[in-house]
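Everything on this sheet refers to the single structure shown next.
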Amino acid sequence: MEFVEYADVDMMMLSLAQRIRRELSDALLRRERAVFSVPGGTTPGPLFDLLAAADLEWDRIDVLPGDERWVPEDHPRSNAGQIRARLLQGKARQASLVSLWRPVASPADGAPLVDADVAPRLPIDVAIVGMGTDWHTASLFPGAATLSQAMAADAPSVLAISAPGATEDRITPSAAALNGAFNLHVLITGAQKRDLIEQAEGMDPMQAPIASLLGNATVHWARD
């Protein structure tokens, strides 16, 4: 694990935006299209604002939500909807958003359809993930019924998962898909998250799913 500490959140977002722009540019030199996986939620919002103004060949970039609740894009809790509203603006409007939702009854029904779309696009060129206070990342939640399948080396690119206590079922990239990224970044803020990620390094990934990614990741941290 590479750990990068910043003086403040603004500096972290600016530095990470510049780094990601370079990594995506490099990816477009390697192949025709690049895959950029990003989380939902509010933490990456300022990063998205900076990237939306970046000079990139966005029309050659596929943006992949880092996980998704099983709701359509126009639902207020859709990660895809949040990503479209915050990242796919300005210059980045030309990027293609790869939905993890399909108009079928459940993630279990939809996951094979999504996998058929996502798997041919892999590997991910640049991935950003966060971490919850229970050590979950993407929708790899400790205690989830299908977590062992999601953590397997031969897991599909995405699979259905039900987070304990969650109001919606979800679909998530597997740990293998995230670990296969050319550039993997963990974005966290605050003293508590720093303590937790340091603890996670020595933990069983079934108890702390973020631990499964740390060997390949750069962790970016600033105080709140």
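By convention in this document, the chains of the structure tokens carry letters A, B, ... by their order, each chain's residues are numbered from 1, and ligands are numbered from 1 in the order they are shown.
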
For the contact check between stretch 84-160 of chain A and stretch 189-200 of chain A, emit one row per residue of stretch 84-160 of chain A within 8 Å, containing the shortest atom pair and the distance in Å rounded to one decimal, counting only C-alpha atoms, chain then rising number order, as JSON lines.
```
{"residue": "A:Met131", "atom": "CA", "partner": "A:Lys193", "partner_atom": "CA", "distance": 7.8}
{"residue": "A:Gly132", "atom": "CA", "partner": "A:Lys193", "partner_atom": "CA", "distance": 8.0}
{"residue": "A:Thr133", "atom": "CA", "partner": "A:Lys193", "partner_atom": "CA", "distance": 6.9}
{"residue": "A:Trp135", "atom": "CA", "partner": "A:Leu196", "partner_atom": "CA", "distance": 7.4}
```

Problem - Polymer residues at most 10 Å from A:Val104, only C-alpha atoms, same-chain spacing of 4 or more positions, as an NGL selection string - result: :A and (70 or 108-111 or 113)

Write out the residues from the selection above, keeping N, CA and C atoms, as a CSV table (one decimal), in the first residue's frame.
```csv
chain,number,residue,atom,x,y,z
A,70,TRP,N,-30.0,-1.2,-6.6
A,70,TRP,CA,-30.8,-1.7,-7.7
A,70,TRP,C,-32.0,-0.8,-7.9
A,108,ALA,N,-29.9,-10.2,-9.0
A,108,ALA,CA,-29.5,-11.6,-9.4
A,108,ALA,C,-29.9,-11.9,-10.8
A,109,ASP,N,-31.0,-11.3,-11.2
A,109,ASP,CA,-31.4,-11.4,-12.6
A,109,ASP,C,-30.6,-10.6,-13.5
A,110,GLY,N,-30.2,-9.4,-13.1
A,110,GLY,CA,-29.5,-8.4,-13.9
A,110,GLY,C,-28.0,-8.6,-14.0
A,111,ALA,N,-27.4,-9.2,-13.0
A,111,ALA,CA,-26.0,-9.3,-12.9
A,111,ALA,C,-25.3,-10.0,-14.1
A,113,LEU,N,-26.4,-10.0,-17.1
A,113,LEU,CA,-26.6,-9.1,-18.3
A,113,LEU,C,-25.5,-8.0,-18.2
```

- Item | Distance in Å - atom CA of A:Asp55 versus atom CA of A:Phe182 |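 About the pair atom CA of A:Asp55 and atom CA of A:Phe182: they are 20.8 Å apart.
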
Residue list (strand (DSSP E), DSSP) for chain A, as a compact mmCIF listing (two decimals) with all heavy atoms, in the first residue's frame:
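To be explicit, this is the file written out as result-v9.txt:
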```
# COMPACT_ATOMS: atom_id res chain seq x y z
N GLU A 2 0.58 2.13 -0.94
CA GLU A 2 1.22 3.45 -0.92
C GLU A 2 0.26 4.42 -0.24
O GLU A 2 -0.92 4.48 -0.58
CB GLU A 2 1.51 3.92 -2.34
CG GLU A 2 2.13 5.30 -2.41
CD GLU A 2 2.28 5.83 -3.83
OE1 GLU A 2 1.94 5.10 -4.78
OE2 GLU A 2 2.72 6.98 -3.98
N PHE A 3 0.77 5.17 0.73
CA PHE A 3 -0.08 6.11 1.49
C PHE A 3 0.40 7.53 1.20
O PHE A 3 1.57 7.85 1.39
CB PHE A 3 0.02 5.80 2.99
CG PHE A 3 -0.98 6.57 3.82
CD1 PHE A 3 -2.22 6.03 4.10
CD2 PHE A 3 -0.67 7.84 4.31
CE1 PHE A 3 -3.14 6.73 4.87
CE2 PHE A 3 -1.59 8.54 5.08
CZ PHE A 3 -2.82 7.98 5.36
N VAL A 4 -0.53 8.37 0.73
CA VAL A 4 -0.20 9.76 0.41
C VAL A 4 -1.04 10.66 1.30
O VAL A 4 -2.28 10.59 1.29
CB VAL A 4 -0.46 10.09 -1.07
CG1 VAL A 4 -0.02 11.51 -1.38
CG2 VAL A 4 0.25 9.09 -1.98
N GLU A 5 -0.37 11.49 2.08
CA GLU A 5 -1.05 12.42 2.99
C GLU A 5 -0.99 13.83 2.42
O GLU A 5 0.04 14.25 1.88
CB GLU A 5 -0.37 12.38 4.36
CG GLU A 5 -0.98 13.30 5.39
CD GLU A 5 -0.33 13.18 6.76
OE1 GLU A 5 0.34 12.14 7.00
OE2 GLU A 5 -0.49 14.11 7.57
N ALA A 34 -10.74 3.86 -22.73
CA ALA A 34 -10.30 3.71 -21.35
C ALA A 34 -11.52 3.52 -20.45
O ALA A 34 -12.61 4.02 -20.74
CB ALA A 34 -9.51 4.93 -20.90
N VAL A 35 -11.33 2.80 -19.36
CA VAL A 35 -12.39 2.56 -18.39
C VAL A 35 -12.02 3.25 -17.08
O VAL A 35 -10.94 3.00 -16.53
CB VAL A 35 -12.62 1.06 -18.15
CG1 VAL A 35 -13.71 0.83 -17.11
CG2 VAL A 35 -13.00 0.36 -19.45
N PHE A 36 -12.92 4.08 -16.59
CA PHE A 36 -12.72 4.88 -15.39
C PHE A 36 -13.83 4.54 -14.41
O PHE A 36 -14.99 4.83 -14.65
CB PHE A 36 -12.75 6.36 -15.77
CG PHE A 36 -12.52 7.34 -14.65
CD1 PHE A 36 -11.79 7.00 -13.52
CD2 PHE A 36 -13.03 8.64 -14.75
CE1 PHE A 36 -11.57 7.92 -12.50
CE2 PHE A 36 -12.82 9.56 -13.74
CZ PHE A 36 -12.09 9.21 -12.61
N SER A 37 -13.49 3.87 -13.30
CA SER A 37 -14.48 3.45 -12.31
C SER A 37 -14.47 4.43 -11.14
O SER A 37 -13.42 4.73 -10.57
CB SER A 37 -14.16 2.04 -11.81
OG SER A 37 -15.08 1.64 -10.82
N VAL A 38 -15.67 4.92 -10.80
CA VAL A 38 -15.76 5.97 -9.77
C VAL A 38 -16.87 5.64 -8.77
O VAL A 38 -17.86 5.01 -9.13
CB VAL A 38 -16.02 7.35 -10.41
CG1 VAL A 38 -14.89 7.73 -11.34
CG2 VAL A 38 -17.35 7.39 -11.15
N ILE A 61 -13.77 7.51 -23.30
CA ILE A 61 -13.70 7.05 -21.91
C ILE A 61 -15.06 6.51 -21.48
O ILE A 61 -16.09 7.18 -21.64
CB ILE A 61 -13.23 8.17 -20.98
CG1 ILE A 61 -11.80 8.58 -21.33
CG2 ILE A 61 -13.32 7.73 -19.51
CD1 ILE A 61 -11.28 9.77 -20.56
N ASP A 62 -15.07 5.30 -20.94
CA ASP A 62 -16.26 4.70 -20.35
C ASP A 62 -16.20 4.88 -18.83
O ASP A 62 -15.22 4.46 -18.20
CB ASP A 62 -16.34 3.21 -20.67
CG ASP A 62 -16.49 2.95 -22.16
OD1 ASP A 62 -17.11 3.78 -22.85
OD2 ASP A 62 -15.99 1.90 -22.63
N VAL A 63 -17.21 5.49 -18.26
CA VAL A 63 -17.27 5.73 -16.82
C VAL A 63 -18.15 4.65 -16.19
O VAL A 63 -19.32 4.49 -16.56
CB VAL A 63 -17.80 7.13 -16.51
CG1 VAL A 63 -17.95 7.32 -15.00
CG2 VAL A 63 -16.88 8.20 -17.09
N LEU A 64 -17.58 3.93 -15.25
CA LEU A 64 -18.24 2.78 -14.63
C LEU A 64 -18.51 3.09 -13.16
O LEU A 64 -17.58 3.34 -12.39
CB LEU A 64 -17.32 1.56 -14.74
CG LEU A 64 -17.79 0.24 -14.17
CD1 LEU A 64 -18.93 -0.32 -15.01
CD2 LEU A 64 -16.63 -0.76 -14.13
N PRO A 65 -19.78 3.10 -12.72
CA PRO A 65 -20.04 3.28 -11.30
C PRO A 65 -19.35 2.19 -10.48
O PRO A 65 -19.33 1.02 -10.87
CB PRO A 65 -21.57 3.17 -11.19
CG PRO A 65 -22.06 3.56 -12.55
CD PRO A 65 -21.03 3.02 -13.51
N GLU A 68 -23.74 -0.07 -7.39
CA GLU A 68 -25.04 0.52 -7.67
C GLU A 68 -26.12 -0.13 -6.83
O GLU A 68 -26.15 -1.35 -6.66
CB GLU A 68 -25.38 0.36 -9.16
CG GLU A 68 -26.64 1.09 -9.59
CD GLU A 68 -26.58 2.59 -9.32
OE1 GLU A 68 -26.86 2.99 -8.17
OE2 GLU A 68 -26.23 3.34 -10.24
N ARG A 69 -26.98 0.70 -6.29
CA ARG A 69 -28.22 0.21 -5.71
C ARG A 69 -29.14 -0.21 -6.86
O ARG A 69 -29.06 0.36 -7.94
CB ARG A 69 -28.88 1.30 -4.86
CG ARG A 69 -28.00 1.78 -3.72
CD ARG A 69 -28.63 2.96 -3.00
NE ARG A 69 -27.80 3.43 -1.90
CZ ARG A 69 -26.84 4.36 -2.03
NH1 ARG A 69 -26.62 4.92 -3.21
NH2 ARG A 69 -26.13 4.72 -0.98
N SER A 96 -18.97 8.13 -21.87
CA SER A 96 -20.08 7.17 -21.86
C SER A 96 -20.23 6.59 -20.47
O SER A 96 -19.26 6.08 -19.90
CB SER A 96 -19.83 6.05 -22.86
OG SER A 96 -19.79 6.54 -24.18
N LEU A 97 -21.43 6.66 -19.92
CA LEU A 97 -21.70 6.08 -18.62
C LEU A 97 -22.20 4.66 -18.80
O LEU A 97 -23.18 4.41 -19.52
CB LEU A 97 -22.75 6.92 -17.88
CG LEU A 97 -23.10 6.47 -16.45
CD1 LEU A 97 -21.89 6.56 -15.53
CD2 LEU A 97 -24.25 7.31 -15.90
N VAL A 126 -8.44 3.16 -14.56
CA VAL A 126 -8.31 3.95 -13.33
C VAL A 126 -9.55 3.68 -12.49
O VAL A 126 -10.68 3.82 -12.97
CB VAL A 126 -8.21 5.46 -13.62
CG1 VAL A 126 -8.05 6.24 -12.31
CG2 VAL A 126 -7.05 5.75 -14.58
N ALA A 127 -9.35 3.31 -11.23
CA ALA A 127 -10.46 3.08 -10.31
C ALA A 127 -10.25 3.90 -9.05
O ALA A 127 -9.14 3.97 -8.52
CB ALA A 127 -10.57 1.60 -9.95
N ILE A 128 -11.33 4.53 -8.61
CA ILE A 128 -11.35 5.21 -7.31
C ILE A 128 -12.38 4.50 -6.45
O ILE A 128 -13.51 4.24 -6.90
CB ILE A 128 -11.77 6.69 -7.44
CG1 ILE A 128 -10.92 7.42 -8.47
CG2 ILE A 128 -11.69 7.39 -6.09
CD1 ILE A 128 -11.47 8.80 -8.81
N VAL A 129 -12.00 4.17 -5.23
CA VAL A 129 -12.94 3.58 -4.28
C VAL A 129 -12.86 4.35 -2.98
O VAL A 129 -11.87 5.04 -2.69
CB VAL A 129 -12.67 2.09 -4.03
CG1 VAL A 129 -12.78 1.29 -5.32
CG2 VAL A 129 -11.31 1.86 -3.37
N VAL A 158 -18.91 -8.38 -12.24
CA VAL A 158 -19.88 -7.81 -11.30
C VAL A 158 -20.77 -8.93 -10.79
O VAL A 158 -20.93 -9.96 -11.45
CB VAL A 158 -20.74 -6.71 -11.96
CG1 VAL A 158 -19.90 -5.54 -12.44
CG2 VAL A 158 -21.58 -7.27 -13.09
N LEU A 159 -21.37 -8.71 -9.64
CA LEU A 159 -22.31 -9.69 -9.12
C LEU A 159 -23.27 -9.03 -8.15
O LEU A 159 -23.01 -7.94 -7.62
CB LEU A 159 -21.61 -10.87 -8.48
CG LEU A 159 -20.80 -10.68 -7.22
CD1 LEU A 159 -20.51 -12.04 -6.60
CD2 LEU A 159 -19.46 -10.00 -7.50
N ALA A 160 -24.39 -9.70 -7.92
CA ALA A 160 -25.40 -9.21 -6.99
C ALA A 160 -24.92 -9.39 -5.57
O ALA A 160 -24.23 -10.36 -5.24
CB ALA A 160 -26.71 -9.95 -7.21
N ILE A 161 -25.31 -8.45 -4.71
CA ILE A 161 -24.94 -8.55 -3.30
C ILE A 161 -26.00 -7.84 -2.48
O ILE A 161 -26.61 -6.86 -2.92
CB ILE A 161 -23.54 -7.94 -3.06
CG1 ILE A 161 -22.96 -8.40 -1.71
CG2 ILE A 161 -23.56 -6.42 -3.17
CD1 ILE A 161 -21.45 -8.26 -1.62
N ARG A 170 -28.06 -4.65 -4.18
CA ARG A 170 -27.05 -3.93 -4.94
C ARG A 170 -26.34 -4.83 -5.94
O ARG A 170 -26.45 -6.05 -5.88
CB ARG A 170 -26.00 -3.35 -3.98
CG ARG A 170 -26.58 -2.39 -2.95
CD ARG A 170 -25.51 -1.92 -1.99
NE ARG A 170 -26.05 -0.99 -1.00
CZ ARG A 170 -25.48 0.16 -0.65
NH1 ARG A 170 -24.35 0.54 -1.22
NH2 ARG A 170 -26.03 0.94 0.25
N ILE A 171 -25.60 -4.17 -6.82
CA ILE A 171 -24.68 -4.87 -7.70
C ILE A 171 -23.32 -4.22 -7.51
O ILE A 171 -23.22 -3.00 -7.31
CB ILE A 171 -25.16 -4.82 -9.16
CG1 ILE A 171 -24.35 -5.78 -10.03
CG2 ILE A 171 -25.16 -3.40 -9.71
CD1 ILE A 171 -25.01 -6.09 -11.35
N THR A 172 -22.28 -5.04 -7.52
CA THR A 172 -20.95 -4.51 -7.21
C THR A 172 -19.89 -5.13 -8.12
O THR A 172 -20.01 -6.30 -8.51
CB THR A 172 -20.57 -4.81 -5.75
OG1 THR A 172 -19.32 -4.16 -5.43
CG2 THR A 172 -20.44 -6.30 -5.48
N PRO A 173 -18.88 -4.38 -8.48
CA PRO A 173 -17.71 -5.02 -9.08
C PRO A 173 -17.09 -6.01 -8.10
O PRO A 173 -17.13 -5.79 -6.88
CB PRO A 173 -16.76 -3.84 -9.36
CG PRO A 173 -17.64 -2.64 -9.40
CD PRO A 173 -18.74 -2.92 -8.41
N ASN A 183 -4.56 1.35 -12.29
CA ASN A 183 -4.34 2.37 -11.26
C ASN A 183 -5.53 2.34 -10.31
O ASN A 183 -6.67 2.56 -10.73
CB ASN A 183 -4.24 3.76 -11.89
CG ASN A 183 -3.16 3.86 -12.95
OD1 ASN A 183 -1.98 4.02 -12.64
ND2 ASN A 183 -3.56 3.75 -14.22
N LEU A 184 -5.26 2.03 -9.05
CA LEU A 184 -6.31 1.88 -8.05
C LEU A 184 -6.07 2.87 -6.92
O LEU A 184 -5.00 2.86 -6.30
CB LEU A 184 -6.33 0.45 -7.51
CG LEU A 184 -7.31 0.12 -6.39
CD1 LEU A 184 -8.75 0.40 -6.81
CD2 LEU A 184 -7.15 -1.35 -5.97
N HIS A 185 -7.05 3.73 -6.66
CA HIS A 185 -6.93 4.78 -5.66
C HIS A 185 -8.02 4.64 -4.61
O HIS A 185 -9.19 4.45 -4.95
CB HIS A 185 -7.05 6.16 -6.31
CG HIS A 185 -6.05 6.41 -7.39
ND1 HIS A 185 -4.73 6.70 -7.12
CD2 HIS A 185 -6.17 6.39 -8.75
CE1 HIS A 185 -4.08 6.87 -8.27
NE2 HIS A 185 -4.92 6.69 -9.26
N VAL A 186 -7.64 4.73 -3.35
CA VAL A 186 -8.58 4.75 -2.23
C VAL A 186 -8.61 6.19 -1.71
O VAL A 186 -7.57 6.76 -1.37
CB VAL A 186 -8.17 3.79 -1.11
CG1 VAL A 186 -9.20 3.83 0.02
CG2 VAL A 186 -8.01 2.36 -1.64
N LEU A 187 -9.80 6.76 -1.64
CA LEU A 187 -9.98 8.16 -1.25
C LEU A 187 -10.69 8.22 0.09
O LEU A 187 -11.85 7.79 0.20
CB LEU A 187 -10.79 8.88 -2.33
CG LEU A 187 -11.09 10.37 -2.13
CD1 LEU A 187 -9.81 11.18 -2.05
CD2 LEU A 187 -11.98 10.86 -3.27
N ILE A 188 -10.01 8.73 1.12
CA ILE A 188 -10.60 8.81 2.47
C ILE A 188 -10.22 10.14 3.12
O ILE A 188 -9.21 10.75 2.77
CB ILE A 188 -10.16 7.64 3.38
CG1 ILE A 188 -8.64 7.57 3.48
CG2 ILE A 188 -10.76 6.33 2.91
CD1 ILE A 188 -8.14 6.55 4.51
N THR A 189 -11.03 10.55 4.08
CA THR A 189 -10.74 11.76 4.85
C THR A 189 -11.04 11.49 6.32
O THR A 189 -11.86 10.63 6.66
CB THR A 189 -11.59 12.96 4.38
OG1 THR A 189 -12.98 12.65 4.57
CG2 THR A 189 -11.34 13.27 2.91
N ALA A 217 -3.12 -0.72 -4.09
CA ALA A 217 -3.75 0.60 -4.06
C ALA A 217 -2.81 1.70 -3.59
O ALA A 217 -1.86 1.46 -2.84
CB ALA A 217 -4.98 0.57 -3.16
N THR A 218 -3.14 2.90 -4.03
CA THR A 218 -2.60 4.12 -3.43
C THR A 218 -3.71 4.74 -2.61
O THR A 218 -4.81 5.00 -3.12
CB THR A 218 -2.13 5.12 -4.50
OG1 THR A 218 -1.12 4.51 -5.31
CG2 THR A 218 -1.58 6.38 -3.86
N VAL A 219 -3.44 4.95 -1.33
CA VAL A 219 -4.42 5.55 -0.43
C VAL A 219 -4.15 7.04 -0.33
O VAL A 219 -3.03 7.46 -0.03
CB VAL A 219 -4.37 4.90 0.97
CG1 VAL A 219 -5.36 5.59 1.92
CG2 VAL A 219 -4.68 3.40 0.87
N HIS A 220 -5.17 7.84 -0.58
CA HIS A 220 -5.07 9.30 -0.51
C HIS A 220 -5.88 9.76 0.70
O HIS A 220 -7.07 9.47 0.79
CB HIS A 220 -5.62 9.93 -1.79
CG HIS A 220 -4.94 9.44 -3.03
ND1 HIS A 220 -3.89 10.10 -3.62
CD2 HIS A 220 -5.16 8.32 -3.79
CE1 HIS A 220 -3.50 9.44 -4.69
NE2 HIS A 220 -4.24 8.36 -4.81
N TRP A 221 -5.21 10.50 1.59
CA TRP A 221 -5.87 10.87 2.85
C TRP A 221 -5.59 12.33 3.19
O TRP A 221 -4.47 12.85 3.00
CB TRP A 221 -5.36 10.01 4.01
CG TRP A 221 -5.93 10.42 5.34
CD1 TRP A 221 -7.14 10.06 5.86
CD2 TRP A 221 -5.32 11.30 6.30
NE1 TRP A 221 -7.32 10.64 7.09
CE2 TRP A 221 -6.23 11.41 7.40
CE3 TRP A 221 -4.11 11.98 6.36
CZ2 TRP A 221 -5.94 12.19 8.53
CZ3 TRP A 221 -3.84 12.77 7.46
CH2 TRP A 221 -4.75 12.85 8.54
N ALA A 222 -6.63 12.99 3.71
CA ALA A 222 -6.50 14.34 4.28
C ALA A 222 -7.46 14.43 5.44
O ALA A 222 -8.48 13.72 5.50
CB ALA A 222 -6.82 15.41 3.25
```

Could you list, as a ChimeraX atom specification, every residue within 7 Å of stretch 76-93 of chain A, counting only C-alpha atoms and ignoring same-chain residues fewer than 3 positions away? /A:40,45,48-49,52-54,58,65,68-69,71-73,99

DSSP on the backbone, helix (DSSP H, G or I) only: what residues of stretch 39-122 of chain A does that give? Format it as a ChimeraX atom specification. /A:45-52,58-60,79-86,90-94,107-121

Contact table stretch 36-76 of chain A vs stretch 8-24 of chain A, cut-off 8 Å, shortest pair per residue, only C-alpha atoms, as CSV:
```
residue,atom,partner,partner_atom,distance
A:Phe36,CA,A:Leu24,CA,7.8
A:Pro46,CA,A:Met13,CA,6.7
A:Leu47,CA,A:Met13,CA,5.2
A:Leu50,CA,A:Ala17,CA,6.4
A:Leu51,CA,A:Ala17,CA,5.9
A:Ala54,CA,A:Arg21,CA,7.0
A:Leu56,CA,A:Arg21,CA,7.2
```

Would you mind exporting the chosen residues as an mmCIF file, in the first residue's frame, restricted to N, CA, C and O atoms?
```cif
data_model
loop_
_atom_site.group_PDB
_atom_site.id
_atom_site.type_symbol
_atom_site.label_atom_id
_atom_site.label_comp_id
_atom_site.auth_asym_id
_atom_site.auth_seq_id
_atom_site.Cartn_x
_atom_site.Cartn_y
_atom_site.Cartn_z
ATOM 1 N N PHE A 36 -12.920 4.076 -16.588
ATOM 2 C CA PHE A 36 -12.718 4.878 -15.387
ATOM 3 C C PHE A 36 -13.827 4.536 -14.409
ATOM 4 O O PHE A 36 -14.994 4.829 -14.648
ATOM 5 N N PRO A 46 -16.032 17.174 -5.195
ATOM 6 C CA PRO A 46 -15.073 18.190 -5.657
ATOM 7 C C PRO A 46 -14.074 17.650 -6.674
ATOM 8 O O PRO A 46 -13.657 18.378 -7.574
ATOM 9 N N LEU A 47 -13.702 16.391 -6.547
ATOM 10 C CA LEU A 47 -12.815 15.761 -7.534
ATOM 11 C C LEU A 47 -13.511 15.692 -8.888
ATOM 12 O O LEU A 47 -12.911 15.986 -9.933
ATOM 13 N N LEU A 50 -13.458 19.016 -10.737
ATOM 14 C CA LEU A 50 -12.171 19.303 -11.369
ATOM 15 C C LEU A 50 -11.979 18.466 -12.626
ATOM 16 O O LEU A 50 -11.518 18.969 -13.663
ATOM 17 N N LEU A 51 -12.332 17.204 -12.557
ATOM 18 C CA LEU A 51 -12.143 16.326 -13.718
ATOM 19 C C LEU A 51 -13.065 16.710 -14.867
ATOM 20 O O LEU A 51 -12.695 16.565 -16.037
ATOM 21 N N ALA A 54 -11.341 18.845 -17.198
ATOM 22 C CA ALA A 54 -10.032 18.397 -17.683
ATOM 23 C C ALA A 54 -10.041 18.184 -19.187
ATOM 24 O O ALA A 54 -11.026 17.710 -19.774
ATOM 25 N N LEU A 56 -9.348 16.048 -21.832
ATOM 26 C CA LEU A 56 -9.172 14.630 -22.129
ATOM 27 C C LEU A 56 -10.046 14.275 -23.320
ATOM 28 O O LEU A 56 -11.033 14.966 -23.597
#
```

query: A:Arg121, A:His136, A:Arg30, A:His75: which is nearest A:Ser157, counting only C-alpha atoms?
result: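 Distance minimum relative to A:Ser157 lands on A:Arg121.
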
Using only C-alpha atoms, determine which residues lie at most 10 Å from A:Met206, disregarding the query and same-chain residues fewer than 6 positions distant; provide the list as a PyMOL selection string. chain A and resi 135-136+140-144+147-148+151+212

Kindly save the residues from that selection, with all heavy atoms included, as an mmCIF file, in the first residue's frame.
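Printed below is result-v3.cif as written:
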```cif
data_model
loop_
_atom_site.group_PDB
_atom_site.id
_atom_site.type_symbol
_atom_site.label_atom_id
_atom_site.label_comp_id
_atom_site.auth_asym_id
_atom_site.auth_seq_id
_atom_site.Cartn_x
_atom_site.Cartn_y
_atom_site.Cartn_z
ATOM 1 N N TRP A 135 -15.349 -0.954 7.090
ATOM 2 C CA TRP A 135 -14.328 -1.458 6.169
ATOM 3 C C TRP A 135 -14.892 -1.941 4.832
ATOM 4 O O TRP A 135 -14.191 -2.608 4.086
ATOM 5 C CB TRP A 135 -13.487 -2.562 6.796
ATOM 6 C CG TRP A 135 -12.599 -2.114 7.907
ATOM 7 C CD1 TRP A 135 -11.503 -1.311 7.841
ATOM 8 C CD2 TRP A 135 -12.711 -2.489 9.294
ATOM 9 N NE1 TRP A 135 -10.926 -1.143 9.077
ATOM 10 C CE2 TRP A 135 -11.655 -1.854 9.996
ATOM 11 C CE3 TRP A 135 -13.605 -3.288 10.001
ATOM 12 C CZ2 TRP A 135 -11.470 -1.998 11.370
ATOM 13 C CZ3 TRP A 135 -13.425 -3.422 11.359
ATOM 14 C CH2 TRP A 135 -12.363 -2.783 12.033
ATOM 15 N N HIS A 136 -16.138 -1.620 4.513
ATOM 16 C CA HIS A 136 -16.631 -2.009 3.193
ATOM 17 C C HIS A 136 -16.061 -1.064 2.144
ATOM 18 O O HIS A 136 -15.685 0.077 2.424
ATOM 19 C CB HIS A 136 -18.162 -2.032 3.143
ATOM 20 C CG HIS A 136 -18.801 -0.715 2.834
ATOM 21 N ND1 HIS A 136 -19.238 0.164 3.815
ATOM 22 C CD2 HIS A 136 -19.088 -0.121 1.639
ATOM 23 C CE1 HIS A 136 -19.765 1.234 3.241
ATOM 24 N NE2 HIS A 136 -19.685 1.094 1.920
ATOM 25 N N LEU A 140 -18.855 -4.275 -1.350
ATOM 26 C CA LEU A 140 -18.283 -5.457 -0.706
ATOM 27 C C LEU A 140 -18.394 -5.254 0.798
ATOM 28 O O LEU A 140 -17.523 -4.679 1.439
ATOM 29 C CB LEU A 140 -16.833 -5.639 -1.144
ATOM 30 C CG LEU A 140 -16.608 -5.769 -2.651
ATOM 31 C CD1 LEU A 140 -15.115 -5.742 -2.982
ATOM 32 C CD2 LEU A 140 -17.262 -7.042 -3.186
ATOM 33 N N PHE A 141 -19.527 -5.691 1.354
ATOM 34 C CA PHE A 141 -19.833 -5.469 2.764
ATOM 35 C C PHE A 141 -19.505 -6.697 3.597
ATOM 36 O O PHE A 141 -19.872 -7.825 3.225
ATOM 37 C CB PHE A 141 -21.324 -5.167 2.947
ATOM 38 C CG PHE A 141 -21.732 -3.782 2.533
ATOM 39 C CD1 PHE A 141 -22.093 -3.515 1.230
ATOM 40 C CD2 PHE A 141 -21.757 -2.747 3.458
ATOM 41 C CE1 PHE A 141 -22.481 -2.243 0.840
ATOM 42 C CE2 PHE A 141 -22.133 -1.465 3.080
ATOM 43 C CZ PHE A 141 -22.506 -1.214 1.772
ATOM 44 N N PRO A 142 -18.840 -6.522 4.752
ATOM 45 C CA PRO A 142 -18.652 -7.668 5.642
ATOM 46 C C PRO A 142 -20.008 -8.204 6.075
ATOM 47 O O PRO A 142 -20.932 -7.435 6.351
ATOM 48 C CB PRO A 142 -17.866 -7.071 6.820
ATOM 49 C CG PRO A 142 -18.067 -5.598 6.733
ATOM 50 C CD PRO A 142 -18.291 -5.270 5.305
ATOM 51 N N GLY A 143 -20.124 -9.506 6.070
ATOM 52 C CA GLY A 143 -21.376 -10.136 6.478
ATOM 53 C C GLY A 143 -22.362 -10.337 5.350
ATOM 54 O O GLY A 143 -23.404 -10.972 5.545
ATOM 55 N N ALA A 144 -22.101 -9.833 4.156
ATOM 56 C CA ALA A 144 -23.009 -10.041 3.031
ATOM 57 C C ALA A 144 -23.016 -11.508 2.622
ATOM 58 O O ALA A 144 -21.968 -12.172 2.623
ATOM 59 C CB ALA A 144 -22.599 -9.168 1.853
ATOM 60 N N LEU A 147 -20.563 -12.436 -0.176
ATOM 61 C CA LEU A 147 -19.248 -11.802 -0.136
ATOM 62 C C LEU A 147 -18.141 -12.760 -0.571
ATOM 63 O O LEU A 147 -17.226 -12.357 -1.291
ATOM 64 C CB LEU A 147 -18.946 -11.268 1.271
ATOM 65 C CG LEU A 147 -17.597 -10.543 1.411
ATOM 66 C CD1 LEU A 147 -17.531 -9.320 0.506
ATOM 67 C CD2 LEU A 147 -17.345 -10.148 2.870
ATOM 68 N N SER A 148 -18.207 -14.006 -0.157
ATOM 69 C CA SER A 148 -17.132 -14.936 -0.523
ATOM 70 C C SER A 148 -17.042 -15.101 -2.037
ATOM 71 O O SER A 148 -15.939 -15.188 -2.593
ATOM 72 C CB SER A 148 -17.340 -16.293 0.151
ATOM 73 O OG SER A 148 -18.586 -16.861 -0.226
ATOM 74 N N MET A 151 -15.351 -12.067 -3.508
ATOM 75 C CA MET A 151 -13.930 -11.968 -3.205
ATOM 76 C C MET A 151 -13.103 -13.044 -3.909
ATOM 77 O O MET A 151 -11.875 -13.001 -3.861
ATOM 78 C CB MET A 151 -13.714 -12.088 -1.693
ATOM 79 C CG MET A 151 -14.486 -11.081 -0.866
ATOM 80 S SD MET A 151 -13.909 -9.408 -1.111
ATOM 81 C CE MET A 151 -12.660 -9.316 0.144
ATOM 82 N N SER A 212 -8.589 -6.423 0.878
ATOM 83 C CA SER A 212 -8.304 -7.192 -0.333
ATOM 84 C C SER A 212 -7.722 -6.329 -1.440
ATOM 85 O O SER A 212 -7.149 -6.862 -2.400
ATOM 86 C CB SER A 212 -9.579 -7.871 -0.832
ATOM 87 O OG SER A 212 -10.524 -6.917 -1.274
#
```

Exercise. What is the atom CA of A:Thr137-atom CA of A:Ser162 distance in Å, reported with one decimal?
Worked result: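 Between these atoms lies a distance of 13.6 Å.
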
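Distances from A:Arg102, A:Gly66, A:Met1, A:Asp134 to A:Pro205 were compared using only C-alpha atoms, and the smallest one belongs to A:Asp134.
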